[in-house]
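Undergrad: File name input_22.txt; file contents compact mmCIF, C-alpha atoms; full text below.
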```txt
# COMPACT_ATOMS: atom_id res chain seq x y z
CA MET G 1 22.97 16.38 -27.19
CA LYS G 2 23.46 13.35 -24.99
CA SER G 3 21.56 10.21 -25.94
CA ARG G 4 18.84 8.89 -23.66
CA LYS G 5 20.97 5.83 -22.81
CA THR G 6 23.90 8.09 -21.85
CA GLN G 7 21.62 10.18 -19.65
CA ILE G 8 20.31 7.05 -17.92
CA ALA G 9 23.84 5.76 -17.29
CA ALA G 10 24.93 9.14 -15.91
CA ALA G 11 21.94 9.25 -13.58
CA ALA G 12 22.72 5.75 -12.33
CA LEU G 13 26.32 6.69 -11.52
CA ALA G 14 25.20 9.86 -9.78
CA GLY G 15 22.82 7.86 -7.62
CA ALA G 16 25.48 5.30 -6.76
CA ALA G 17 27.87 8.04 -5.67
CA LEU G 18 25.47 9.07 -2.92
CA LEU G 19 25.00 5.64 -1.36
CA ALA G 20 27.66 5.97 1.34
CA ALA G 21 26.43 9.31 2.67
CA PRO G 22 25.13 9.34 6.25
CA VAL G 23 21.51 10.32 6.77
CA ALA G 24 20.61 12.66 9.61
CA ALA G 25 19.04 11.28 12.77
CA GLN G 26 15.27 11.63 13.01
CA GLY G 27 15.10 13.60 16.27
CA LYS G 28 14.83 13.07 20.00
CA GLY G 29 13.96 9.65 21.35
CA VAL G 30 15.56 6.27 22.01
CA ALA G 31 18.48 5.96 19.60
CA VAL G 32 18.41 3.02 17.18
CA ARG G 33 21.37 2.60 14.82
CA THR G 34 20.55 1.03 11.48
CA SER G 35 21.56 1.10 7.82
CA VAL G 36 20.13 0.61 4.33
CA ASN G 37 21.24 0.46 0.73
CA PRO G 38 18.92 3.07 -0.89
CA LEU G 39 18.98 1.20 -4.21
CA VAL G 40 17.31 -1.88 -2.70
CA TYR G 41 13.75 -1.10 -3.57
CA SER G 42 12.31 -3.85 -1.38
CA TYR G 43 13.27 -1.65 1.59
CA MET G 44 10.30 0.57 0.73
CA PRO G 45 8.54 -0.08 4.09
CA ILE G 46 11.62 1.26 5.89
CA PHE G 47 11.78 4.33 3.66
CA LEU G 48 8.09 5.01 4.33
CA ALA G 49 8.46 4.48 8.08
CA ILE G 50 11.15 7.16 8.12
CA ASP G 51 9.47 9.61 5.75
CA LYS G 52 6.02 9.30 7.32
CA GLY G 53 7.33 9.59 10.87
CA TYR G 54 6.31 6.10 11.99
CA PHE G 55 9.59 5.60 13.86
CA LYS G 56 9.35 9.04 15.41
CA ALA G 57 5.79 8.34 16.56
CA GLN G 58 7.16 5.29 18.39
CA GLY G 59 9.60 7.51 20.28
CA LEU G 60 12.63 6.32 18.32
CA ASP G 61 15.59 8.35 17.09
CA ILE G 62 16.66 6.48 13.94
CA GLN G 63 20.38 6.98 13.34
CA LEU G 64 20.68 5.83 9.77
CA LYS G 65 23.67 5.23 7.52
CA THR G 66 23.62 4.18 3.88
CA TYR G 67 26.06 1.85 2.14
CA ARG G 68 26.92 0.31 -1.19
CA GLY G 69 26.55 -3.33 -2.12
CA SER G 70 25.16 -6.28 -0.20
CA SER G 71 23.64 -6.23 3.26
CA VAL G 72 26.12 -8.94 4.29
CA THR G 73 28.67 -6.14 4.65
CA GLN G 74 26.72 -5.09 7.74
CA VAL G 75 27.25 -8.40 9.59
CA PRO G 76 30.55 -7.30 11.22
CA LEU G 77 28.98 -4.01 12.36
CA LEU G 78 26.10 -5.83 14.00
CA ALA G 79 28.46 -8.41 15.50
CA ARG G 80 30.62 -5.68 17.06
CA GLY G 81 27.61 -3.85 18.41
CA ASP G 82 28.27 -0.82 16.17
CA GLN G 83 24.75 -1.23 14.77
CA ASP G 84 21.55 -2.30 16.50
CA ILE G 85 19.31 -3.70 13.76
CA ALA G 86 19.59 -3.80 9.97
CA PRO G 87 18.18 -5.48 6.84
CA MET G 88 19.98 -8.73 6.05
CA VAL G 89 20.01 -11.59 3.56
CA MET G 90 20.65 -15.15 4.71
CA GLY G 91 24.07 -15.47 3.16
CA PRO G 92 26.80 -17.70 4.63
CA GLY G 93 27.92 -14.94 7.00
CA MET G 94 24.69 -15.05 8.96
CA PHE G 95 25.15 -18.76 9.65
CA ASN G 96 28.88 -18.56 10.29
CA GLN G 97 28.51 -15.70 12.78
CA HIS G 98 26.39 -17.97 14.97
CA THR G 99 29.08 -20.66 14.97
CA GLN G 100 31.60 -17.98 15.91
CA GLY G 101 29.52 -16.98 18.94
CA PHE G 102 28.32 -13.50 17.91
CA GLY G 103 24.66 -14.28 18.52
CA LEU G 104 22.93 -12.12 15.91
CA LYS G 105 19.20 -12.84 15.69
CA ILE G 106 16.76 -12.77 12.81
CA VAL G 107 13.74 -10.98 14.27
CA SER G 108 11.52 -10.29 11.23
CA ALA G 109 11.18 -10.89 7.51
CA ILE G 110 11.10 -7.90 5.15
CA ALA G 111 10.45 -9.03 1.56
CA GLY G 112 10.29 -12.05 -0.68
CA SER G 113 8.64 -13.55 -3.74
CA ASN G 114 4.92 -13.58 -4.44
CA ALA G 115 3.24 -14.75 -7.65
CA LYS G 116 1.11 -11.61 -7.98
CA TRP G 117 3.82 -9.05 -7.18
CA SER G 118 6.95 -7.84 -8.92
CA ASP G 119 10.09 -9.79 -8.00
CA THR G 120 13.21 -8.12 -6.66
CA SER G 121 15.72 -10.07 -8.80
CA TRP G 122 15.70 -11.39 -12.36
CA ILE G 123 17.84 -13.50 -14.65
CA MET G 124 18.92 -11.14 -17.42
CA VAL G 125 19.82 -12.18 -20.98
CA ARG G 126 22.06 -9.94 -23.07
CA SER G 127 19.95 -8.16 -25.70
CA ASP G 128 21.66 -9.55 -28.81
CA ILE G 129 21.43 -13.09 -27.43
CA TRP G 130 17.78 -12.49 -26.55
CA LYS G 131 17.02 -11.49 -30.14
CA ALA G 132 19.02 -14.32 -31.68
CA LYS G 133 17.99 -17.24 -29.46
CA GLN G 134 14.63 -16.23 -27.98
CA PRO G 135 15.12 -18.43 -24.86
CA LYS G 136 11.93 -19.79 -23.35
CA SER G 137 12.57 -22.51 -20.75
CA LEU G 138 15.36 -22.60 -18.18
CA GLY G 139 16.81 -25.50 -20.14
CA ASP G 140 17.75 -22.99 -22.83
CA LEU G 141 20.60 -21.86 -20.56
CA ARG G 142 22.58 -24.86 -21.80
CA GLY G 143 25.78 -23.75 -23.50
CA MET G 144 25.43 -20.10 -22.51
CA SER G 145 28.00 -18.06 -20.58
CA VAL G 146 26.39 -17.56 -17.17
CA ASP G 147 27.74 -15.54 -14.27
CA GLY G 148 26.47 -16.25 -10.77
CA GLY G 149 27.60 -13.07 -9.07
CA PRO G 150 29.08 -13.19 -5.55
CA LEU G 151 28.88 -16.58 -3.83
CA GLY G 152 26.27 -16.55 -1.08
CA SER G 153 24.20 -13.68 -2.49
CA PRO G 154 20.50 -13.86 -3.46
CA VAL G 155 21.38 -13.51 -7.16
CA ASN G 156 23.88 -16.36 -6.81
CA LEU G 157 21.15 -18.50 -5.28
CA LEU G 158 18.77 -17.57 -8.11
CA ILE G 159 21.21 -18.63 -10.82
CA ARG G 160 22.19 -21.86 -9.07
CA GLU G 161 18.60 -22.87 -8.37
CA ALA G 162 17.55 -22.02 -11.93
CA LEU G 163 20.23 -24.35 -13.30
CA LYS G 164 19.18 -27.04 -10.83
CA LYS G 165 15.52 -26.72 -11.81
CA ALA G 166 16.50 -27.06 -15.47
CA GLY G 167 18.48 -30.22 -14.69
CA LEU G 168 21.72 -28.52 -15.71
CA GLY G 169 25.10 -28.75 -14.03
CA MET G 170 27.89 -26.19 -14.03
CA SER G 171 29.56 -28.11 -16.85
CA ASP G 172 26.47 -27.61 -19.02
CA VAL G 173 27.07 -23.85 -19.10
CA LYS G 174 30.11 -21.58 -19.18
CA TYR G 175 29.86 -20.67 -15.53
CA SER G 176 31.75 -17.96 -13.65
CA GLU G 177 31.44 -15.78 -10.56
CA LYS G 178 33.46 -12.81 -11.83
CA PHE G 179 30.97 -9.97 -11.73
CA LYS G 180 30.07 -9.12 -8.16
CA SER G 181 28.42 -5.67 -8.24
CA PRO G 182 25.82 -3.73 -10.25
CA GLN G 183 28.58 -1.68 -11.86
CA ALA G 184 30.32 -4.90 -12.93
CA TRP G 185 27.06 -6.35 -14.34
CA ILE G 186 26.49 -3.26 -16.48
CA ALA G 187 30.08 -3.31 -17.76
CA ALA G 188 29.95 -7.05 -18.48
CA PHE G 189 26.86 -6.70 -20.66
CA LYS G 190 28.29 -3.64 -22.41
CA ASN G 191 31.53 -5.47 -23.17
CA LYS G 192 29.72 -8.69 -24.12
CA ALA G 193 31.72 -10.53 -21.50
CA ILE G 194 28.66 -12.48 -20.38
CA GLU G 195 25.39 -13.69 -21.89
CA VAL G 196 23.38 -14.30 -18.73
CA GLN G 197 23.55 -12.64 -15.32
CA ALA G 198 21.09 -12.29 -12.44
CA ALA G 199 20.52 -8.74 -11.19
CA VAL G 200 18.44 -6.88 -8.64
CA GLU G 201 15.93 -4.09 -9.14
CA PRO G 202 16.26 -1.27 -10.05
CA ILE G 203 19.46 -2.40 -11.85
CA VAL G 204 17.28 -4.80 -13.86
CA THR G 205 15.22 -1.91 -15.20
CA MET G 206 18.32 0.20 -15.81
CA LEU G 207 19.83 -2.59 -17.94
CA GLU G 208 16.63 -2.77 -19.98
CA ALA G 209 16.42 1.01 -20.32
CA GLN G 210 19.97 1.08 -21.68
CA GLY G 211 19.17 -1.70 -24.16
CA LEU G 212 21.82 -3.98 -22.68
CA ALA G 213 19.74 -6.93 -21.44
CA ASN G 214 16.21 -8.31 -21.16
CA ARG G 215 14.57 -9.58 -18.00
CA TRP G 216 13.65 -13.25 -18.35
CA LYS G 217 13.05 -15.42 -15.27
CA SER G 218 12.72 -14.41 -11.61
CA TYR G 219 12.45 -15.98 -8.17
CA LYS G 220 8.87 -17.06 -8.80
CA ASP G 221 10.08 -19.13 -11.78
CA ALA G 222 13.07 -20.81 -10.14
CA VAL G 223 12.71 -20.50 -6.34
CA PRO G 224 9.10 -19.54 -5.48
CA TRP G 225 9.79 -20.51 -1.85
CA PHE G 226 12.50 -17.88 -1.49
CA GLN G 227 12.22 -15.25 1.23
CA GLU G 228 14.82 -12.65 0.41
CA THR G 229 15.41 -10.19 3.25
CA TYR G 230 15.10 -10.06 7.02
CA PHE G 231 15.95 -7.83 9.96
CA ALA G 232 18.98 -8.99 11.94
CA ALA G 233 19.59 -7.52 15.39
CA SER G 234 22.57 -7.51 17.70
CA PRO G 235 22.14 -9.36 21.02
CA GLN G 236 23.35 -6.26 22.89
CA PHE G 237 20.52 -4.18 21.45
CA LEU G 238 17.86 -6.80 22.14
CA LYS G 239 19.01 -7.20 25.74
CA LYS G 240 19.43 -3.49 26.47
CA ASN G 241 16.41 -2.11 24.58
CA PRO G 242 13.79 -4.83 24.03
CA ASP G 243 10.99 -2.25 23.91
CA ALA G 244 12.86 -0.26 21.26
CA ALA G 245 13.17 -3.42 19.15
CA LYS G 246 9.41 -3.98 19.37
CA LYS G 247 8.69 -0.34 18.49
CA PHE G 248 11.14 -0.44 15.57
CA LEU G 249 9.32 -3.43 14.10
CA THR G 250 5.94 -1.81 14.77
CA ALA G 251 6.94 1.21 12.67
CA PHE G 252 8.26 -1.09 9.94
CA LEU G 253 4.97 -2.99 9.90
CA GLN G 254 3.09 0.27 9.41
CA GLY G 255 5.23 0.93 6.35
CA ALA G 256 4.62 -2.64 5.14
CA LYS G 257 0.86 -2.10 5.46
CA ASP G 258 1.13 1.01 3.29
CA VAL G 259 2.91 -0.98 0.57
CA HIS G 260 0.59 -3.99 0.83
CA GLU G 261 -2.52 -1.83 0.46
CA THR G 262 -1.42 -0.88 -3.07
CA GLY G 263 -2.05 -4.44 -4.23
CA GLY G 264 1.28 -4.52 -6.02
CA LYS G 265 0.66 -1.40 -8.11
CA TRP G 266 2.70 1.79 -8.06
CA THR G 267 1.15 4.89 -6.57
CA PRO G 268 2.54 8.41 -7.12
CA ALA G 269 3.51 8.52 -3.43
CA LEU G 270 5.51 5.27 -3.59
CA LEU G 271 7.33 6.36 -6.73
CA ASP G 272 8.15 9.70 -5.12
CA THR G 273 9.57 7.89 -2.10
CA LEU G 274 11.70 5.53 -4.20
CA ALA G 275 12.98 8.39 -6.38
CA LYS G 276 13.95 10.33 -3.26
CA TRP G 277 15.89 7.45 -1.71
CA SER G 278 17.45 5.87 -4.81
CA LYS G 279 18.35 9.20 -6.46
CA LEU G 280 17.29 7.63 -9.77
CA PRO G 281 15.03 9.36 -12.32
CA ARG G 282 11.36 8.66 -11.86
CA LYS G 283 11.13 7.75 -15.57
CA ILE G 284 13.38 4.75 -14.88
CA LEU G 285 11.54 3.71 -11.73
CA GLU G 286 8.15 3.83 -13.46
CA ARG G 287 9.35 1.01 -15.73
CA ILE G 288 9.62 -1.38 -12.75
CA PRO G 289 6.38 -3.45 -12.82
CA GLY G 290 5.47 -2.57 -9.23
CA PRO G 291 6.64 -2.54 -5.60
CA ALA G 292 8.15 -5.60 -3.94
CA TYR G 293 5.94 -7.86 -1.84
CA ALA G 294 5.68 -6.74 1.79
CA GLY G 295 2.70 -8.89 2.79
CA TYR G 296 4.60 -11.24 5.08
CA PHE G 297 4.19 -8.59 7.77
CA GLY G 298 7.38 -9.91 9.28
CA SER G 299 6.50 -13.62 9.34
CA ILE G 300 9.69 -15.65 9.02
CA ASP G 301 9.71 -18.74 6.80
CA ARG G 302 12.04 -21.05 8.71
CA ALA G 303 11.97 -23.67 5.94
CA ALA G 304 13.25 -21.09 3.44
CA ILE G 305 16.17 -20.27 5.73
CA GLU G 306 16.96 -23.96 6.19
CA ARG G 307 16.99 -24.48 2.43
CA GLN G 308 19.40 -21.59 2.00
CA GLN G 309 21.72 -22.99 4.68
CA ALA G 310 21.66 -26.38 2.97
CA LEU G 311 22.87 -24.82 -0.29
CA TRP G 312 25.71 -22.86 1.34
CA LEU G 313 26.74 -25.94 3.34
CA LYS G 314 26.92 -28.00 0.14
CA LEU G 315 29.15 -25.36 -1.44
CA GLY G 316 31.39 -25.13 1.63
CA ALA G 317 30.53 -21.48 2.28
CA VAL G 318 28.92 -22.38 5.62
CA LYS G 319 31.46 -24.28 7.70
CA LYS G 320 29.18 -25.93 10.24
CA LYS G 321 25.46 -26.59 10.23
CA VAL G 322 23.57 -24.53 12.79
CA ASP G 323 20.17 -24.95 14.38
CA VAL G 324 18.12 -22.40 12.43
CA GLY G 325 15.82 -22.03 15.42
CA ALA G 326 18.76 -20.69 17.42
CA ILE G 327 19.21 -17.69 15.13
CA ILE G 328 15.50 -16.78 14.99
CA ASP G 329 13.66 -14.86 17.72
CA THR G 330 10.05 -14.01 16.86
CA SER G 331 9.08 -12.62 20.28
CA TYR G 332 9.74 -9.00 19.28
CA LEU G 333 7.75 -9.40 16.06
CA GLU G 334 4.83 -11.00 17.87
CA ALA G 335 4.64 -8.02 20.20
CA ALA G 336 5.00 -5.58 17.30
CA ARG G 337 2.20 -7.20 15.32
CA LYS G 338 -0.14 -6.70 18.26
CA MET G 339 0.98 -3.09 18.60
CA ALA G 340 0.41 -2.51 14.86
CA GLY G 341 -2.96 -4.28 14.88
CA ILE G 342 -1.86 -7.12 12.59
CA LYS G 343 -3.11 -10.63 13.34
```
Give the structure from the file, written as structure tokens.
TA:
Amino acid sequence: MKSRKTQIAAAALAGAALLAAPVAAQGKGVAVRTSVNPLVYSYMPIFLAIDKGYFKAQGLDIQLKTYRGSSVTQVPLLARGDQDIAPMVMGPGMFNQHTQGFGLKIVSAIAGSNAKWSDTSWIMVRSDIWKAKQPKSLGDLRGMSVDGGPLGSPVNLLIREALKKAGLGMSDVKYSEKFKSPQAWIAAFKNKAIEVQAAVEPIVTMLEAQGLANRWKSYKDAVPWFQETYFAASPQFLKKNPDAAKKFLTAFLQGAKDVHETGGKWTPALLDTLAKWSKLPRKILERIPGPAYAGYFGSIDRAAIERQQALWLKLGAVKKKVDVGAIIDTSYLEAARKMAGIK
């Protein structure tokens, strides 16, 4: 009989294998092309808006594709006009595309950190190190082997800001950026190639369930100001279908309201939705402390974006400083909030 850890690992791989599959369009209406990574559990408002027919009620035909990895892989698709609107993190690519003249706009926030809600990313400590050292403060990272993941990603920001908050430099730890995907994180902990690595949910919970690592510190501990995900839209879409953009965000806001009304606690309906989209066993998902915070209702924290740009500029990942105001357009969100009855 297979062990529970083996069953969990097999389920994770099975879920990952489905991530690139296209999802059928939602029906007749104004076509809106978008994409999601079904393992990103902070996209719950989007999942709900599709499953509950909020987009359809707005007269939209959501043409959805799924993908593996980071949302930054969708920047070229948006820039070419092959997609209309999609979830996005503020990695270097979003700043560099503006300098290159592509004109993508951030039109709404999706999720971020909140002290009373579960965070989307955590610093993980390998289980044997956790038992031996019992780290408490971020200063305990000194001397450990720490991997920052892909440069420009939210987990990379989390690790870097955690070291900064602890007053540690890269020379104070054994720092690398070798492990750039969830599959690589799992393998690195299994092979004891790393002691500390930041990871995203539900990978965090999978690592714990397999006994490979323990969650330790999250955004609220190192970067409480951090706003993680946004909607980016192509200029072609905004110019051609401004009403569709407003209706898209209205449907999203309805999904966000559904999540926010839970008060940060799982409901059977939310767990069913996440299990359906992630293809992961509900027993794993139930171990996540709760849903991600959706209470911004789209409000964009410009200061958080400016702080992210400053970090990527310092590291040379952003080539030229841009006016953050030039890549934000809140007019569609303002209209959507009125349509959704949100002040």
Undergrad: G:Asp82: which residues within 10 Å, counting only C-alpha atoms, same-chain residues fewer than 6 positions away excluded, as a list in words?
TA: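 Listed by chain and then number, they are Arg33, Thr34, Gln74, Pro76, Ser234, Gln236 and Phe237 of chain G.
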Undergrad: Quick one: of G:Arg302, G:Lys180, G:Lys247, G:Lys265, who's nearest to G:Gln227, counting only C-alpha atoms?
TA: G:Arg302
Undergrad: Please provide as a PyMOL selection string all residues within 9 Å of G:Ala86, with the sequence filter that same-chain residues fewer than 3 positions apart are discarded (counting all atoms listed in the file).
TA: chain G and resi 33-36+71+74-75+78+83+230-233
Undergrad: Using only C-alpha atoms, find the one residue out of G:Gly325, G:Pro45, G:Gly143, G:Gly290 that sits nearest to G:Asp258.
TA: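 The closest residue to G:Asp258 is G:Pro45.
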Undergrad: Within 12 Å of stretch 312-318 of chain G, counting only C-alpha atoms, which residues qualify if same-chain residues fewer than 5 places away don't, as JSON, numbers by chain?
TA: {"G": [90, 91, 92, 93, 94, 95, 96, 97, 98, 99, 100, 150, 151, 152, 153, 154, 156, 157, 160, 305, 306, 307]}
Undergrad: Would you mind telling me which residue in G:Asp323, G:Ala209, G:Asp301, G:Gly341 lies nearest to G:Glu286 when using only C-alpha atoms?
TA: G:Ala209
Undergrad: Can you tell me, as AutoDock Vina command-line options, the centre and edge lengths (Å, one decimal) of the axis-aligned box enclosing all of stretch 275-284 of chain G's listed atoms after padding each side by 3 Å?
TA:
```
--center_x 14.7 --center_y 7.5 --center_z -8.6 --size_x 13.2 --size_y 11.6 --size_z 19.9
```
Undergrad: Just give me the gap between atom CA of G:Gly148 and atom CA of G:Gln183 in Å, one decimal is fine.
TA: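 Result for atom CA of G:Gly148 versus atom CA of G:Gln183: 14.8 Å, one decimal.
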Undergrad: Please determine, counting all atoms listed in the file, which residue among G:Ile50, G:Val30, G:Ile129, G:Leu253 has the shortest atom-to-atom distance to G:Lys192.
TA: G:Ile129
Undergrad: What lies within 10 Å of G:Lys343 using all atoms listed in the file, ignoring chain neighbours under 4 positions off, as a ChimeraX atom specification?
TA: /G:297,334,337-338
Undergrad: Put those residues in a file: C-alpha atoms, as an mmCIF file, keeping the file's coordinate frame.
TA:
```cif
data_model
loop_
_atom_site.group_PDB
_atom_site.id
_atom_site.type_symbol
_atom_site.label_atom_id
_atom_site.label_comp_id
_atom_site.auth_asym_id
_atom_site.auth_seq_id
_atom_site.Cartn_x
_atom_site.Cartn_y
_atom_site.Cartn_z
ATOM 1 C CA PHE G 297 4.190 -8.590 7.770
ATOM 2 C CA GLU G 334 4.830 -11.000 17.870
ATOM 3 C CA ARG G 337 2.200 -7.200 15.320
ATOM 4 C CA LYS G 338 -0.140 -6.700 18.260
#
```
Undergrad: Quick check, in Å to one decimal: how far apart do atom CA of G:Glu208 and atom CA of G:Ala184 lie?
TA: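 Taking atom CA of G:Glu208 and atom CA of G:Ala184, their separation equals 15.5 Å.
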Undergrad: So the first atom is atom CA of G:Ser108 and the second is atom CA of G:Leu249; what is the distance between them in Å, to one decimal place?
TA: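 Calculated distance between atom CA of G:Ser108 and atom CA of G:Leu249 is 7.8 Å.
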Undergrad: For G:Val155, which residue out of G:Met339, G:Leu141, G:Ala79, G:Val204 is the nearest one, using all atoms listed in the file?
TA: G:Val204
Undergrad: Taking into account only C-alpha atoms, which residue in the set G:Ala198, G:Ile106, G:Leu77, G:Leu39 is nearest to G:Ala222?
TA: G:Ala198
Undergrad: G:Leu48: which residues within 9 Å, counting only C-alpha atoms, same-chain residues fewer than 6 positions away excluded, as JSON, numbers by chain?
TA: {"G": [54, 252, 254, 255, 256, 258, 259, 270, 273]}
Undergrad: Since the input lacks atoms, please generate N, CA and C atoms for stretch 124-136 of chain G and provide them as an mmCIF file, in the coordinates of the input.
TA:
```
data_model
loop_
_atom_site.group_PDB
_atom_site.id
_atom_site.type_symbol
_atom_site.label_atom_id
_atom_site.label_comp_id
_atom_site.auth_asym_id
_atom_site.auth_seq_id
_atom_site.Cartn_x
_atom_site.Cartn_y
_atom_site.Cartn_z
ATOM 1 N N MET G 124 18.871 -12.034 -16.270
ATOM 2 C CA MET G 124 18.920 -11.140 -17.420
ATOM 3 C C MET G 124 19.683 -11.812 -18.566
ATOM 4 N N VAL G 125 19.173 -11.638 -19.773
ATOM 5 C CA VAL G 125 19.820 -12.180 -20.980
ATOM 6 C C VAL G 125 20.267 -11.007 -21.844
ATOM 7 N N ARG G 126 21.524 -11.030 -22.251
ATOM 8 C CA ARG G 126 22.060 -9.940 -23.070
ATOM 9 C C ARG G 126 21.180 -9.728 -24.317
ATOM 10 N N SER G 127 20.962 -8.499 -24.681
ATOM 11 C CA SER G 127 19.950 -8.160 -25.700
ATOM 12 C C SER G 127 20.176 -8.853 -27.040
ATOM 13 N N ASP G 128 21.420 -8.921 -27.508
ATOM 14 C CA ASP G 128 21.660 -9.550 -28.810
ATOM 15 C C ASP G 128 21.400 -11.055 -28.765
ATOM 16 N N ILE G 129 21.705 -11.662 -27.606
ATOM 17 C CA ILE G 129 21.430 -13.090 -27.430
ATOM 18 C C ILE G 129 19.931 -13.328 -27.348
ATOM 19 N N TRP G 130 19.238 -12.419 -26.676
ATOM 20 C CA TRP G 130 17.780 -12.490 -26.550
ATOM 21 C C TRP G 130 17.131 -12.498 -27.939
ATOM 22 N N LYS G 131 17.589 -11.602 -28.795
ATOM 23 C CA LYS G 131 17.020 -11.490 -30.140
ATOM 24 C C LYS G 131 17.360 -12.710 -30.988
ATOM 25 N N ALA G 132 18.564 -13.216 -30.828
ATOM 26 C CA ALA G 132 19.020 -14.320 -31.680
ATOM 27 C C ALA G 132 18.445 -15.670 -31.259
ATOM 28 N N LYS G 133 18.363 -15.907 -29.943
ATOM 29 C CA LYS G 133 17.990 -17.240 -29.460
ATOM 30 C C LYS G 133 16.569 -17.344 -28.930
ATOM 31 N N GLN G 134 15.977 -16.224 -28.522
ATOM 32 C CA GLN G 134 14.630 -16.230 -27.980
ATOM 33 C C GLN G 134 14.434 -17.348 -26.937
ATOM 34 N N PRO G 135 15.227 -17.354 -25.860
ATOM 35 C CA PRO G 135 15.120 -18.430 -24.860
ATOM 36 C C PRO G 135 13.736 -18.457 -24.212
ATOM 37 N N LYS G 136 13.260 -19.647 -23.945
ATOM 38 C CA LYS G 136 11.930 -19.790 -23.350
ATOM 39 C C LYS G 136 11.994 -20.516 -22.009
#
```
